[in-house]
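Trainee: What follows is target.cif, made up of mmCIF, C-alpha atoms:
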```cif
data_work
loop_
_atom_site.label_atom_id
_atom_site.label_comp_id
_atom_site.auth_asym_id
_atom_site.auth_seq_id
_atom_site.Cartn_x
_atom_site.Cartn_y
_atom_site.Cartn_z
CA GLU A 1 2.49 13.43 -6.46
CA THR A 2 3.75 10.03 -7.56
CA GLY A 3 2.93 10.24 -11.26
CA VAL A 4 0.67 7.19 -10.96
CA THR A 5 -2.80 7.93 -12.28
CA GLN A 6 -6.01 5.94 -12.03
CA SER A 7 -9.40 6.17 -13.70
CA PRO A 8 -12.19 6.56 -13.00
CA THR A 9 -12.03 8.17 -9.55
CA HIS A 10 -15.44 6.85 -8.52
CA LEU A 11 -17.73 4.18 -9.90
CA ILE A 12 -21.11 2.74 -8.96
CA LYS A 13 -22.13 -0.71 -10.22
CA THR A 14 -24.78 -3.24 -9.36
CA ARG A 15 -24.26 -6.79 -8.20
CA GLY A 16 -23.43 -9.18 -11.06
CA GLN A 17 -22.01 -6.51 -13.34
CA GLN A 18 -18.44 -6.30 -14.59
CA VAL A 19 -16.00 -3.43 -14.09
CA THR A 20 -12.68 -2.32 -15.59
CA LEU A 21 -10.33 -0.02 -13.72
CA ARG A 22 -7.28 1.60 -15.29
CA CYS A 23 -3.86 2.61 -14.09
CA SER A 24 -0.95 4.46 -15.69
CA SER A 25 2.38 3.78 -14.07
CA GLN A 26 5.07 6.27 -13.19
CA SER A 27 7.53 7.03 -15.96
CA GLY A 28 10.36 4.48 -15.97
CA HIS A 29 8.42 1.86 -13.99
CA ASN A 30 7.65 -1.51 -15.57
CA THR A 31 5.74 -3.17 -12.74
CA VAL A 32 2.18 -2.55 -11.59
CA SER A 33 0.58 -4.02 -8.48
CA TRP A 34 -3.11 -3.83 -7.60
CA TYR A 35 -4.56 -3.67 -4.10
CA GLN A 36 -8.04 -3.65 -2.60
CA GLN A 37 -8.62 -1.46 0.45
CA ALA A 38 -11.84 -1.95 2.38
CA LEU A 39 -13.01 0.88 4.61
CA GLY A 40 -10.91 1.12 7.77
CA GLN A 41 -8.47 -1.57 6.64
CA GLY A 42 -5.04 -1.71 5.11
CA PRO A 43 -4.64 -2.48 1.41
CA GLN A 44 -4.69 -6.16 0.38
CA PHE A 45 -2.57 -7.41 -2.49
CA ILE A 46 -4.54 -8.64 -5.52
CA PHE A 47 -1.83 -9.28 -8.12
CA GLN A 48 1.24 -7.86 -9.81
CA TYR A 49 2.11 -7.45 -13.48
CA TYR A 50 5.65 -7.29 -14.80
CA ARG A 51 6.45 -6.97 -18.48
CA GLU A 52 2.84 -7.79 -19.43
CA GLU A 53 2.70 -11.03 -17.42
CA GLU A 54 1.05 -11.77 -14.08
CA ASN A 55 4.02 -12.04 -11.76
CA GLY A 56 2.33 -12.87 -8.47
CA ARG A 57 -1.14 -13.10 -6.98
CA GLY A 58 -2.76 -12.70 -3.58
CA ASN A 59 -5.76 -14.53 -2.19
CA PHE A 60 -8.36 -13.28 -4.66
CA PRO A 61 -10.68 -15.41 -6.84
CA PRO A 62 -10.24 -15.76 -10.63
CA ARG A 63 -13.03 -13.26 -11.32
CA PHE A 64 -10.34 -10.67 -10.51
CA SER A 65 -8.16 -10.49 -13.60
CA GLY A 66 -5.80 -8.02 -15.16
CA LEU A 67 -3.76 -6.91 -18.10
CA GLN A 68 -0.60 -4.95 -18.61
CA PHE A 69 0.10 -3.18 -21.89
CA PRO A 70 3.41 -2.52 -23.71
CA ASN A 71 3.51 1.01 -22.24
CA TYR A 72 3.24 -0.65 -18.77
CA SER A 73 -0.22 0.75 -18.04
CA SER A 74 -2.59 -1.77 -16.56
CA GLU A 75 -6.23 -2.75 -16.16
CA LEU A 76 -8.01 -4.54 -13.35
CA ASN A 77 -11.17 -6.39 -14.36
CA VAL A 78 -13.69 -7.73 -11.89
CA ASN A 79 -16.49 -9.98 -13.12
CA ALA A 80 -19.74 -10.93 -11.38
CA LEU A 81 -19.47 -8.10 -8.86
CA GLU A 82 -20.46 -8.82 -5.28
CA LEU A 83 -21.43 -6.36 -2.56
CA ASP A 84 -18.18 -7.09 -0.72
CA ASP A 85 -16.23 -5.85 -3.73
CA SER A 86 -17.08 -2.30 -2.65
CA ALA A 87 -13.71 -0.80 -1.78
CA LEU A 88 -10.94 1.55 -2.82
CA TYR A 89 -8.84 -0.06 -5.56
CA LEU A 90 -5.25 1.08 -5.60
CA CYS A 91 -2.55 0.52 -8.12
CA ALA A 92 1.12 0.95 -7.38
CA SER A 93 4.00 1.13 -9.78
CA SER A 94 7.59 0.14 -9.23
CA SER A 95 10.70 -0.80 -11.16
CA GLY A 96 12.41 -4.14 -11.25
CA GLY A 97 9.76 -6.83 -10.95
CA GLY A 98 12.32 -9.33 -9.84
CA GLN A 99 13.20 -7.78 -6.52
CA GLN A 100 11.50 -5.76 -3.86
CA GLU A 101 11.44 -2.11 -4.90
CA THR A 102 9.51 0.84 -3.57
CA GLN A 103 5.90 0.84 -4.72
CA TYR A 104 4.33 4.22 -5.43
CA PHE A 105 0.57 4.39 -5.21
CA GLY A 106 -2.01 6.20 -7.26
CA PRO A 107 -5.02 7.99 -5.77
CA GLY A 108 -7.30 4.96 -6.19
CA THR A 109 -10.70 4.22 -7.68
CA ARG A 110 -13.57 4.02 -5.22
CA LEU A 111 -16.01 1.31 -6.30
CA LEU A 112 -19.47 1.00 -4.81
CA VAL A 113 -21.48 -2.14 -5.59
CA LEU A 114 -25.21 -1.92 -4.94
CA GLY B 1 3.43 -13.04 3.83
CA GLU B 2 2.15 -13.35 7.34
CA SER B 3 0.17 -10.72 9.16
CA VAL B 4 1.63 -7.35 10.00
CA GLY B 5 -0.08 -5.44 12.76
CA LEU B 6 0.03 -2.18 14.63
CA HIS B 7 -0.17 -1.84 18.40
CA LEU B 8 -2.51 1.18 18.61
CA PRO B 9 -5.33 2.23 16.30
CA THR B 10 -5.17 5.94 17.31
CA LEU B 11 -2.32 8.13 18.53
CA SER B 12 -2.88 11.70 19.67
CA VAL B 13 0.12 14.04 20.09
CA GLN B 14 0.67 17.72 20.66
CA GLU B 15 1.91 19.80 17.76
CA GLY B 16 5.68 20.12 18.02
CA ASP B 17 6.13 16.90 19.99
CA ASN B 18 7.74 13.78 18.59
CA SER B 19 5.50 10.89 17.52
CA ILE B 20 6.35 7.21 17.66
CA ILE B 21 4.21 4.71 15.78
CA ASN B 22 4.86 1.03 16.38
CA CYS B 23 4.39 -2.08 14.28
CA ALA B 24 4.87 -5.78 14.96
CA TYR B 25 5.45 -8.29 12.21
CA SER B 26 5.35 -12.06 12.40
CA ASN B 27 7.28 -13.30 9.37
CA SER B 28 10.87 -13.53 10.51
CA ALA B 29 11.96 -14.15 6.93
CA SER B 30 10.69 -10.74 5.73
CA ASP B 31 13.48 -8.59 4.38
CA TYR B 32 11.85 -5.31 3.43
CA PHE B 33 9.68 -2.93 5.43
CA ILE B 34 7.97 0.28 4.43
CA TRP B 35 5.99 3.04 6.08
CA TYR B 36 3.19 4.75 4.21
CA LYS B 37 1.07 7.75 5.09
CA GLN B 38 -2.51 7.88 3.87
CA GLU B 39 -4.58 11.05 4.05
CA SER B 40 -8.33 10.95 3.72
CA GLY B 41 -9.42 10.29 0.15
CA LYS B 42 -5.90 9.69 -1.13
CA GLY B 43 -3.66 6.77 -1.93
CA PRO B 44 -0.83 5.72 0.41
CA GLN B 45 2.21 7.97 0.20
CA PHE B 46 5.67 6.46 0.64
CA ILE B 47 7.52 7.80 3.68
CA ILE B 48 10.56 5.64 4.28
CA ASP B 49 11.71 2.06 3.90
CA ILE B 50 14.31 -0.19 5.46
CA ARG B 51 15.83 -3.53 4.53
CA SER B 52 16.57 -6.28 6.99
CA ASN B 53 20.33 -5.72 6.84
CA MET B 54 19.85 -2.36 8.59
CA ASP B 55 18.42 -1.44 12.00
CA LYS B 56 17.96 2.30 11.52
CA ARG B 57 17.32 4.65 8.66
CA GLN B 58 16.71 8.39 8.72
CA GLY B 59 14.86 10.68 6.38
CA GLN B 60 13.64 14.21 6.64
CA ARG B 61 12.05 14.45 10.12
CA VAL B 62 11.44 10.69 10.12
CA THR B 63 13.39 7.74 11.44
CA VAL B 64 12.56 4.07 11.05
CA LEU B 65 13.92 1.54 13.54
CA LEU B 66 13.93 -2.18 12.91
CA ASN B 67 14.42 -4.72 15.70
CA LYS B 68 14.64 -8.12 14.09
CA THR B 69 15.09 -9.91 17.42
CA VAL B 70 11.58 -9.02 18.57
CA LYS B 71 10.17 -8.45 15.08
CA HIS B 72 9.31 -4.84 15.74
CA LEU B 73 9.29 -1.77 13.51
CA SER B 74 8.76 1.83 14.54
CA LEU B 75 8.37 5.18 12.83
CA GLN B 76 9.51 8.28 14.64
CA ILE B 77 8.31 11.68 13.42
CA ALA B 78 10.15 14.67 14.84
CA ALA B 79 8.44 17.97 15.64
CA THR B 80 5.00 16.82 14.55
CA GLN B 81 3.07 19.27 12.39
CA PRO B 82 -0.67 19.51 11.56
CA GLY B 83 0.09 18.14 8.09
CA ASP B 84 1.27 14.91 9.68
CA SER B 85 -2.32 14.02 10.59
CA ALA B 86 -3.12 10.87 8.65
CA VAL B 87 -3.32 7.09 8.92
CA TYR B 88 0.10 5.45 8.96
CA PHE B 89 0.61 1.93 7.68
CA CYS B 90 3.59 -0.31 8.03
CA ALA B 91 3.96 -2.85 5.27
CA GLU B 92 6.09 -5.91 4.87
CA GLY B 93 7.68 -7.05 1.65
CA GLY B 94 7.83 -10.81 1.54
CA THR B 95 10.65 -13.01 0.42
CA GLY B 96 9.24 -13.57 -3.06
CA GLY B 97 11.29 -10.81 -4.60
CA GLY B 98 8.36 -8.45 -4.76
CA ALA B 99 6.02 -10.66 -6.73
CA ASP B 100 4.02 -11.55 -3.62
CA GLY B 101 3.14 -7.92 -3.00
CA LEU B 102 3.16 -5.97 0.23
CA THR B 103 1.34 -7.06 3.38
CA PHE B 104 -0.16 -4.12 5.24
CA GLY B 105 -1.27 -3.75 8.81
CA LYS B 106 -4.57 -2.09 9.75
CA GLY B 107 -3.02 1.35 10.33
CA THR B 108 -2.59 3.90 13.11
CA HIS B 109 -4.52 7.14 12.96
CA LEU B 110 -2.21 9.98 14.05
CA ILE B 111 -4.07 13.00 15.40
CA ILE B 112 -2.20 16.26 16.01
CA GLN B 113 -3.53 18.41 18.83
CA PRO B 114 -2.90 22.18 18.50
#
```
Give the structure from the file, written as C-alpha cells.

Mentor:
Amino acid sequence: ETGVTQSPTHLIKTRGQQVTLRCSSQSGHNTVSWYQQALGQGPQFIFQYYREEENGRGNFPPRFSGLQFPNYSSELNVNALELDDSALYLCASSSGGGQQETQYFGPGTRLLVL
Amino acid sequence: GESVGLHLPTLSVQEGDNSIINCAYSNSASDYFIWYKQESGKGPQFIIDIRSNMDKRQGQRVTVLLNKTVKHLSLQIAATQPGDSAVYFCAEGGTGGGADGLTFGKGTHLIIQP
C-alpha cells in the first residue's frame, strides 16, 4: 500500500452536474498530481499541485479545477459533467515539486456519468 | 511530453519463465522513465524507475533497460509468478521538472500461464 487514499471509491452523476473528488497524500509528500484513466487506456495527466499552487497542467479544459490544502491533501472538481468524463480518477503523491520524483498512486475514484 | 507507446498489447508467458515488456518513447529530451503495474480495480503500483544517465537498473526480480539511441525501454521480470499478472505501463517524465506530469503508454497485459 502506498499510503495515498482517495474518496469516494465510486460515484454516479448525471450530465451537467458537478463533482468533487478527494485525495490524501502519503506522509511526507507535498505534491499531488491528478490523472484521468479511461477504460483500456493509460492515465492522462490533468494537473499537479505543489505547496497549494497549481504547478503544471495537462490538456484538460478549465472546468477541471483543483485545490491543495495546508496538510497537502487535495481535491479535484469537475463542473458541467459530460458523458466522456466517465473514467477512473487517480491521484498520485510525491515529494519535491521542483524535480521529477517517484509518484505513488492511490486506488482511484471510479466516476460514471449518465 | 510526446507519446509513449508499447509494442504489444498482450503478452502470455509460462509461470517460471522470464518476461520482457517493451516500450518505445519519442521524446529524446525525456530524462526519467518509470514502470508501473496495475491490477484490476487498483491504482498503478510503482515497480522501478530509471533516469537518463543510466542504461540499466535492477530491483527485486525486475530489471529495467534504457537504450537512448533507439529510444527504447524494457522491463524484464525474472521467474514470472501468477501474482505478476497485470497491466504494465511505462511512463515518461518530461523535462519540466515534474510539473508536466507523467506521460503513459496504453499498457501491456501480462498473462501468466500455469

Trainee: May I have the residues within 12 Å of Glu75 (chain A) as a CSV table (one decimal) with C-alpha atoms, in the coordinates of the input, using only C-alpha atoms and disregarding those fewer than 2 positions away in the same chain?

Mentor:
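Listed below is the output, result-v9.csv:
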```csv
chain,number,residue,atom,x,y,z
A,5,THR,CA,-2.8,7.9,-12.3
A,6,GLN,CA,-6.0,5.9,-12.0
A,7,SER,CA,-9.4,6.2,-13.7
A,8,PRO,CA,-12.2,6.6,-13.0
A,19,VAL,CA,-16.0,-3.4,-14.1
A,20,THR,CA,-12.7,-2.3,-15.6
A,21,LEU,CA,-10.3,0.0,-13.7
A,22,ARG,CA,-7.3,1.6,-15.3
A,23,CYS,CA,-3.9,2.6,-14.1
A,24,SER,CA,-1.0,4.5,-15.7
A,25,SER,CA,2.4,3.8,-14.1
A,32,VAL,CA,2.2,-2.6,-11.6
A,33,SER,CA,0.6,-4.0,-8.5
A,34,TRP,CA,-3.1,-3.8,-7.6
A,47,PHE,CA,-1.8,-9.3,-8.1
A,48,GLN,CA,1.2,-7.9,-9.8
A,49,TYR,CA,2.1,-7.4,-13.5
A,52,GLU,CA,2.8,-7.8,-19.4
A,54,GLU,CA,1.0,-11.8,-14.1
A,64,PHE,CA,-10.3,-10.7,-10.5
A,65,SER,CA,-8.2,-10.5,-13.6
A,66,GLY,CA,-5.8,-8.0,-15.2
A,67,LEU,CA,-3.8,-6.9,-18.1
A,68,GLN,CA,-0.6,-5.0,-18.6
A,69,PHE,CA,0.1,-3.2,-21.9
A,72,TYR,CA,3.2,-0.6,-18.8
A,73,SER,CA,-0.2,0.8,-18.0
A,77,ASN,CA,-11.2,-6.4,-14.4
A,78,VAL,CA,-13.7,-7.7,-11.9
A,89,TYR,CA,-8.8,-0.1,-5.6
A,90,LEU,CA,-5.2,1.1,-5.6
A,91,CYS,CA,-2.6,0.5,-8.1
A,109,THR,CA,-10.7,4.2,-7.7
```

Trainee: Residues within 10 Å of Gly16 (chain B), please, as a ChimeraX atom specification. Count all atoms listed in the file; anything in the same chain fewer than 2 positions from it doesn't count.

Mentor: /B:13-14,18-19,77-82,112-114

Trainee: Using only C-alpha atoms, which protein or nucleic acid residues come within 10 Å of Leu73 (chain B)? Drop anything in the same chain fewer than 4 positions from it, and give the result as a list in words.

Mentor: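 So, after excluding close chain neighbours, the residues are Leu6, Ile21, Asn22, Cys23, Ala24, Tyr25, Phe33, Ile34, Trp35, Ile50, Asp55, Lys56, Val64, Leu65, Leu66, Asn67, Lys68, Cys90 and Ala91 of chain B.
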
Trainee: Find the nearest atom pair between each residue of chain B and chain A for residues within 6 Å, count all atoms listed in the file, give distances in Å to one decimal, sort rows by chain and ascending number, and present the table as CSV.

Mentor:
```
residue,atom,partner,partner_atom,distance
B:Lys42,CA,A:Pro107,CA,5.0
B:Gly43,CA,A:Pro107,CA,4.3
B:Pro44,CA,A:Phe105,CA,5.9
B:Gly97,CA,A:Gln99,CA,4.1
B:Gly98,CA,A:Gln100,CA,4.2
B:Ala99,CA,A:Gly56,CA,4.6
B:Asp100,CA,A:Gly56,CA,5.3
B:Gly101,CA,A:Phe45,CA,5.8
B:Phe104,CA,A:Gly42,CA,5.4
B:Gly105,CA,A:Gly42,CA,5.7
B:Lys106,CA,A:Gly42,CA,4.7
```

Trainee: Grab the CA of Ser30 (chain B) to CA of Phe46 (chain B) distance for me, in Å with one decimal place.

Mentor: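 Here the two named atoms are 18.6 Å from each other.
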
Trainee: For the file shown, what are the residues hit by the PyMOL selection byres ((chain B and resi 85) around 8), laid out as number ranges by chain?

Mentor: B: 39, 81-84, 86-87, 109-112

Trainee: Figure out the distance between CA of Leu39 (chain A) and CA of Ala87 (chain A), please, to one decimal in Å.

Mentor: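 If I compute the distance from CA of Ala87 (chain A) to CA of Leu39 (chain A), I get 6.6 Å.
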
Trainee: Could you state the separation of CA of Thr14 (chain A) and CA of Ser74 (chain A) in Å, given to one decimal place?

Mentor: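 According to the coordinates, CA of Thr14 (chain A) and CA of Ser74 (chain A) are separated by 23.4 Å.
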
Trainee: Residues picked by the PyMOL selection byres ((chain A and resi 80) around 6) here, as a VMD selection string?

Mentor: chain A and resid 16 to 18 79 81

Trainee: With all atoms listed in the file as the counted atoms, please give the residues lying no more than 6 Å from Gln76 (chain B), apart from itself and same-chain residues fewer than 2 positions off, as a PyMOL selection string.

Mentor: chain B and resi 19-20+62-63

Trainee: Take the PyMOL selection byres ((chain A and resi 85) around 8), apply it to the structure above, and return the hits as a CSV table (one decimal) with C-alpha atoms, in the frame of the given file.

Mentor:
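Result file is expr_36.csv:
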```csv
chain,number,residue,atom,x,y,z
A,81,LEU,CA,-19.5,-8.1,-8.9
A,82,GLU,CA,-20.5,-8.8,-5.3
A,83,LEU,CA,-21.4,-6.4,-2.6
A,84,ASP,CA,-18.2,-7.1,-0.7
A,86,SER,CA,-17.1,-2.3,-2.6
A,87,ALA,CA,-13.7,-0.8,-1.8
A,111,LEU,CA,-16.0,1.3,-6.3
A,112,LEU,CA,-19.5,1.0,-4.8
A,113,VAL,CA,-21.5,-2.1,-5.6
```

Trainee: So which one's closest to Gln58 (chain B), B:Ser12, B:Gln45, B:Leu75, B:Asp31? Using only C-alpha atoms, please.

Mentor: B:Leu75

Trainee: Fewer than 3 positions away in the same chain doesn't count, so skip those; otherwise give me all residues within 6 Å of Glu92 (chain B), counting all atoms listed in the file, as a list in words.

Mentor: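 The filter keeps Tyr32, Phe33, Leu102 and Thr103 of chain B.
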
Trainee: Can I get a file of region 24-49 of chain B from the given structure, N, CA, C and O atoms kept, as a PDB file, in the first residue's frame?

Mentor:
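In the end it all went to out_37.pdb:
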```pdb
ATOM      1  N   ALA B  24       8.471   1.972 -26.395  1.00  0.00           N
ATOM      2  CA  ALA B  24       9.177   2.953 -27.215  1.00  0.00           C
ATOM      3  C   ALA B  24       8.728   4.348 -26.792  1.00  0.00           C
ATOM      4  O   ALA B  24       7.558   4.554 -26.480  1.00  0.00           O
ATOM      5  N   TYR B  25       9.638   5.260 -26.745  1.00  0.00           N
ATOM      6  CA  TYR B  25       9.271   6.635 -26.445  1.00  0.00           C
ATOM      7  C   TYR B  25       9.788   7.532 -27.561  1.00  0.00           C
ATOM      8  O   TYR B  25      10.698   7.154 -28.301  1.00  0.00           O
ATOM      9  N   SER B  26       9.184   8.691 -27.703  1.00  0.00           N
ATOM     10  CA  SER B  26       9.532   9.540 -28.845  1.00  0.00           C
ATOM     11  C   SER B  26      10.208  10.845 -28.458  1.00  0.00           C
ATOM     12  O   SER B  26      10.826  11.495 -29.311  1.00  0.00           O
ATOM     13  N   ASN B  27      10.129  11.234 -27.192  1.00  0.00           N
ATOM     14  CA  ASN B  27      10.741  12.489 -26.774  1.00  0.00           C
ATOM     15  C   ASN B  27      12.174  12.241 -26.335  1.00  0.00           C
ATOM     16  O   ASN B  27      12.426  11.754 -25.243  1.00  0.00           O
ATOM     17  N   SER B  28      13.104  12.568 -27.193  1.00  0.00           N
ATOM     18  CA  SER B  28      14.510  12.297 -26.900  1.00  0.00           C
ATOM     19  C   SER B  28      15.040  13.129 -25.735  1.00  0.00           C
ATOM     20  O   SER B  28      16.091  12.831 -25.186  1.00  0.00           O
ATOM     21  N   ALA B  29      14.305  14.156 -25.355  1.00  0.00           N
ATOM     22  CA  ALA B  29      14.726  15.001 -24.241  1.00  0.00           C
ATOM     23  C   ALA B  29      14.253  14.472 -22.891  1.00  0.00           C
ATOM     24  O   ALA B  29      14.636  14.996 -21.851  1.00  0.00           O
ATOM     25  N   SER B  30      13.421  13.423 -22.887  1.00  0.00           N
ATOM     26  CA  SER B  30      12.927  12.868 -21.626  1.00  0.00           C
ATOM     27  C   SER B  30      14.072  12.352 -20.789  1.00  0.00           C
ATOM     28  O   SER B  30      15.031  11.776 -21.320  1.00  0.00           O
ATOM     29  N   ASP B  31      13.989  12.560 -19.482  1.00  0.00           N
ATOM     30  CA  ASP B  31      15.106  12.178 -18.624  1.00  0.00           C
ATOM     31  C   ASP B  31      14.727  11.264 -17.477  1.00  0.00           C
ATOM     32  O   ASP B  31      15.556  10.961 -16.621  1.00  0.00           O
ATOM     33  N   TYR B  32      13.478  10.813 -17.478  1.00  0.00           N
ATOM     34  CA  TYR B  32      13.029   9.970 -16.364  1.00  0.00           C
ATOM     35  C   TYR B  32      11.984   9.007 -16.882  1.00  0.00           C
ATOM     36  O   TYR B  32      11.042   9.415 -17.567  1.00  0.00           O
ATOM     37  N   PHE B  33      12.131   7.738 -16.530  1.00  0.00           N
ATOM     38  CA  PHE B  33      11.228   6.702 -17.025  1.00  0.00           C
ATOM     39  C   PHE B  33      10.847   5.782 -15.882  1.00  0.00           C
ATOM     40  O   PHE B  33      11.675   5.452 -15.033  1.00  0.00           O
ATOM     41  N   ILE B  34       9.591   5.361 -15.899  1.00  0.00           N
ATOM     42  CA  ILE B  34       9.069   4.573 -14.787  1.00  0.00           C
ATOM     43  C   ILE B  34       8.217   3.429 -15.326  1.00  0.00           C
ATOM     44  O   ILE B  34       7.516   3.590 -16.327  1.00  0.00           O
ATOM     45  N   TRP B  35       8.256   2.321 -14.642  1.00  0.00           N
ATOM     46  CA  TRP B  35       7.341   1.215 -14.911  1.00  0.00           C
ATOM     47  C   TRP B  35       6.374   1.086 -13.746  1.00  0.00           C
ATOM     48  O   TRP B  35       6.768   1.087 -12.580  1.00  0.00           O
ATOM     49  N   TYR B  36       5.081   0.964 -14.124  1.00  0.00           N
ATOM     50  CA  TYR B  36       4.033   0.724 -13.153  1.00  0.00           C
ATOM     51  C   TYR B  36       3.302  -0.560 -13.491  1.00  0.00           C
ATOM     52  O   TYR B  36       3.160  -0.924 -14.661  1.00  0.00           O
ATOM     53  N   LYS B  37       2.779  -1.188 -12.453  1.00  0.00           N
ATOM     54  CA  LYS B  37       1.953  -2.391 -12.581  1.00  0.00           C
ATOM     55  C   LYS B  37       0.559  -2.028 -12.087  1.00  0.00           C
ATOM     56  O   LYS B  37       0.422  -1.433 -11.014  1.00  0.00           O
ATOM     57  N   GLN B  38      -0.453  -2.369 -12.870  1.00  0.00           N
ATOM     58  CA  GLN B  38      -1.813  -2.067 -12.445  1.00  0.00           C
ATOM     59  C   GLN B  38      -2.664  -3.332 -12.495  1.00  0.00           C
ATOM     60  O   GLN B  38      -2.890  -3.896 -13.568  1.00  0.00           O
ATOM     61  N   GLU B  39      -3.109  -3.754 -11.323  1.00  0.00           N
ATOM     62  CA  GLU B  39      -4.026  -4.885 -11.229  1.00  0.00           C
ATOM     63  C   GLU B  39      -5.457  -4.380 -11.350  1.00  0.00           C
ATOM     64  O   GLU B  39      -5.736  -3.198 -11.108  1.00  0.00           O
ATOM     65  N   SER B  40      -6.322  -5.281 -11.714  1.00  0.00           N
ATOM     66  CA  SER B  40      -7.718  -4.923 -11.963  1.00  0.00           C
ATOM     67  C   SER B  40      -8.341  -4.245 -10.743  1.00  0.00           C
ATOM     68  O   SER B  40      -8.248  -4.766  -9.626  1.00  0.00           O
ATOM     69  N   GLY B  41      -8.921  -3.074 -10.956  1.00  0.00           N
ATOM     70  CA  GLY B  41      -9.607  -2.373  -9.881  1.00  0.00           C
ATOM     71  C   GLY B  41      -8.701  -1.615  -8.933  1.00  0.00           C
ATOM     72  O   GLY B  41      -9.162  -1.092  -7.913  1.00  0.00           O
ATOM     73  N   LYS B  42      -7.414  -1.534  -9.262  1.00  0.00           N
ATOM     74  CA  LYS B  42      -6.469  -0.845  -8.377  1.00  0.00           C
ATOM     75  C   LYS B  42      -5.748   0.276  -9.119  1.00  0.00           C
ATOM     76  O   LYS B  42      -5.780   0.358 -10.335  1.00  0.00           O
ATOM     77  N   GLY B  43      -5.089   1.119  -8.345  1.00  0.00           N
ATOM     78  CA  GLY B  43      -4.268   2.156  -8.938  1.00  0.00           C
ATOM     79  C   GLY B  43      -2.920   1.599  -9.363  1.00  0.00           C
ATOM     80  O   GLY B  43      -2.518   0.516  -8.932  1.00  0.00           O
ATOM     81  N   PRO B  44      -2.207   2.310 -10.236  1.00  0.00           N
ATOM     82  CA  PRO B  44      -0.871   1.856 -10.654  1.00  0.00           C
ATOM     83  C   PRO B  44       0.081   1.743  -9.472  1.00  0.00           C
ATOM     84  O   PRO B  44       0.098   2.616  -8.602  1.00  0.00           O
ATOM     85  N   GLN B  45       0.858   0.685  -9.480  1.00  0.00           N
ATOM     86  CA  GLN B  45       1.830   0.422  -8.416  1.00  0.00           C
ATOM     87  C   GLN B  45       3.232   0.591  -8.980  1.00  0.00           C
ATOM     88  O   GLN B  45       3.591  -0.025  -9.986  1.00  0.00           O
ATOM     89  N   PHE B  46       4.029   1.424  -8.339  1.00  0.00           N
ATOM     90  CA  PHE B  46       5.403   1.663  -8.784  1.00  0.00           C
ATOM     91  C   PHE B  46       6.217   0.375  -8.742  1.00  0.00           C
ATOM     92  O   PHE B  46       6.183  -0.373  -7.762  1.00  0.00           O
ATOM     93  N   ILE B  47       6.950   0.112  -9.838  1.00  0.00           N
ATOM     94  CA  ILE B  47       7.832  -1.059  -9.870  1.00  0.00           C
ATOM     95  C   ILE B  47       9.285  -0.618  -9.792  1.00  0.00           C
ATOM     96  O   ILE B  47      10.030  -1.017  -8.904  1.00  0.00           O
ATOM     97  N   ILE B  48       9.694   0.179 -10.756  1.00  0.00           N
ATOM     98  CA  ILE B  48      11.093   0.578 -10.854  1.00  0.00           C
ATOM     99  C   ILE B  48      11.189   1.791 -11.763  1.00  0.00           C
ATOM    100  O   ILE B  48      10.335   1.984 -12.641  1.00  0.00           O
ATOM    101  N   ASP B  49      12.201   2.615 -11.533  1.00  0.00           N
ATOM    102  CA  ASP B  49      12.406   3.767 -12.401  1.00  0.00           C
ATOM    103  C   ASP B  49      13.869   3.843 -12.818  1.00  0.00           C
ATOM    104  O   ASP B  49      14.729   3.140 -12.287  1.00  0.00           O
TER     105      ASP B  49
END
```
